[in-house]
Amino acid sequence: MDETPSYPPIEPTDFDLIVVGTGLPQSVIAAAASSAGKSVLHLDSNSFYGSHFSSLNLDEFSSFLTSQSAVHSSHPNPPSSVAADAAEYVALDLKTRPMYSDVEITSHSSDPVEHSRKFNLDVSGPRVLFCADAAVDLMLKSGASQYLEFKSIDASFVCDADGRFSTVPDSRAAIFKDRSLSLTEKNQLMRFFKLIQGHLAASDEAENDSNARISEDDLESPFVEFLNKMRLPPKIKSMILYAIAMADYDQDSIEVCKDVLDTKIGIDRLALYHSSVGRFPNALGALIYPIYGQGELTQAFCRRAAVKGCIYVLRMPVIALLMEKESGHCKGVRLASGQDIFSQKLLVDPSFIVPVPVAPSQPDCMPESSQVINLVDAKQKVARGICIMKSSLKPDVSNFVFVYPPRSLYPEQAMAIRAVQIGSNLGVCPSGMFVLYLSTLCNDATQGKELLQAAIKSLFTLPVSGNPENSSSVHSENMEEVKPTLLWSALYTQELVMGSFESISSTSMPDGNLNYNVLLDATVKLFHQMYPQEEFFPETTSPENVEDDDGLSLES
């Protein structure tokens, strides 16, 4: 019995742009190209939107990671539906490479599995948005914000090896209310923030008051040296470096620090944090999170593209590239249905192995073993973890972010570990449960797993073997706070693949940052490389696209 799926034909068959994969960068570019009047076909072999940026239920999440951590051979190449031009091009099989490795999914309780469909787990977590960052501005400008709702993140903390949380104050009032800070520490922090605010104000003014500005020598120096110069105590310095300026590597150890944060960038990040507080009247702090998960961002841009005429086809694998024999340039794709679709430009998912363009002098010589290359890979990886529990890590807080600074868990910890806890009020899990996302940059899977496991050990109690359902947490009369019991967890290592602009362009994998700014900067750059004459989301007078802070829906 033939079980080959039936695919309806796509009309038309010629487009300005074909996009393969519905990850966030591809979806933003598809929406921007559609807004610029380009005809766009957007394809995905999955049954859902988002790919590596999706939010999935428990079963979908496990299946996706499993499928993306194995090497896949190409689909059987069916005969082309187009015969007239067959002599002009050749079909080269399009293969994929694994984007994830060392996937370890552990279930300690049947509760999460039984409620699988009520979860929306972020594949690229942990992620949040600053109220004033580029992603929010882009959603407002493009009109994608009308398809999204957000809630405020309640608090930000720094965590230590014993699972104790210290509040990261985001305003003067918060500094004075913080009981964990001594009066001396409060005054030091206030003086530092006043200095930064004076510098930023002077930089914005035409007079450029040199007395208020930080010197150029200081701006070009490492941020950690500037903080030492300000004589800030270690606790305050660590909070500024890793919880507000979001440094990834141990800034005090030059030997292991792969990315030294300079003072100018550090101050820019402090400015982003400060300007995010209070941007939206009903946002409690600097950070927000989309209801139903980060995958909603991708769907919002896909909906925006569809309004502008982009055609979407899910469950449609692309099995081959159509390469012109004379020029070696790509002229389209072959679908699993056998249909050939043609386009001027092609943008693909980072998991694809892209064939090398064929040399014009050798139109009939195409040995596959010498015709494939990998796109540019970053040297690091990112280790990610997801934990499900029945009680919050902070009994009085549902949604919050926190960081383990370098060396806070053990002396050899060279990288910060970032984490976000989300509760059921954001539509990501059943009522009475919580989801924790963790991530850290790493050199390899072994190092990444060691870092995440150290964090998990400090936060959770593992269930007693054979009796996992006893309690949502371990109780002790001598403990003021109890550690939640871990119900379900997933650990996995993700490749960091950078985008590429070539005759066949590719987007980036999710990076190790908490927000999307670096990723979106690369996406905007790629769009301008593809379409140097086009504006990225041209301004419109349509009421639906007015760039207004009130255009972002934030639930109280």
# chains A, B, ... in the order shown; residues from 1 in each chain; ligands from 1
$ select_by_dssp --residues "segment 164-284 of chain A" --states "strand (DSSP E or B)" --output "list in words"
Phe165, Ser166, Thr167, Pro222, Tyr249 and Asp262 of chain A
$ closest_atom_pairs --of "segment 4-118 of chain A" --to "segment 506-518 of chain A" --cutoff "8 Å" --atoms "only C-alpha atoms" --output "Markdown table"
| residue | atom | partner | partner_atom | distance |
| --- | --- | --- | --- | --- |
| A:Pro25 | CA | A:Thr507 | CA | 6.2 |
| A:Gln26 | CA | A:Thr507 | CA | 6.7 |
| A:His52 | CA | A:Pro510 | CA | 7.1 |
| A:Phe53 | CA | A:Pro510 | CA | 7.2 |
$ residues_around --residues "Ser116 of chain A" --least-positions-apart "4" --cutoff "7 Å" --atoms "only C-alpha atoms" --output "list in words"
Asn57, Leu58, Asp59 and Pro112 of chain A
$ residues_around --residues "segment 480-495 of chain A" --least-positions-apart "2" --cutoff "6 Å" --atoms "only C-alpha atoms" --output "JSON, numbers by chain"
{"A": [99, 100, 101, 102, 103, 104, 105, 106, 107, 108, 109, 381, 382, 383, 384, 385, 386, 387, 388, 389, 391, 445, 460, 461, 462, 472, 473, 474, 475]}
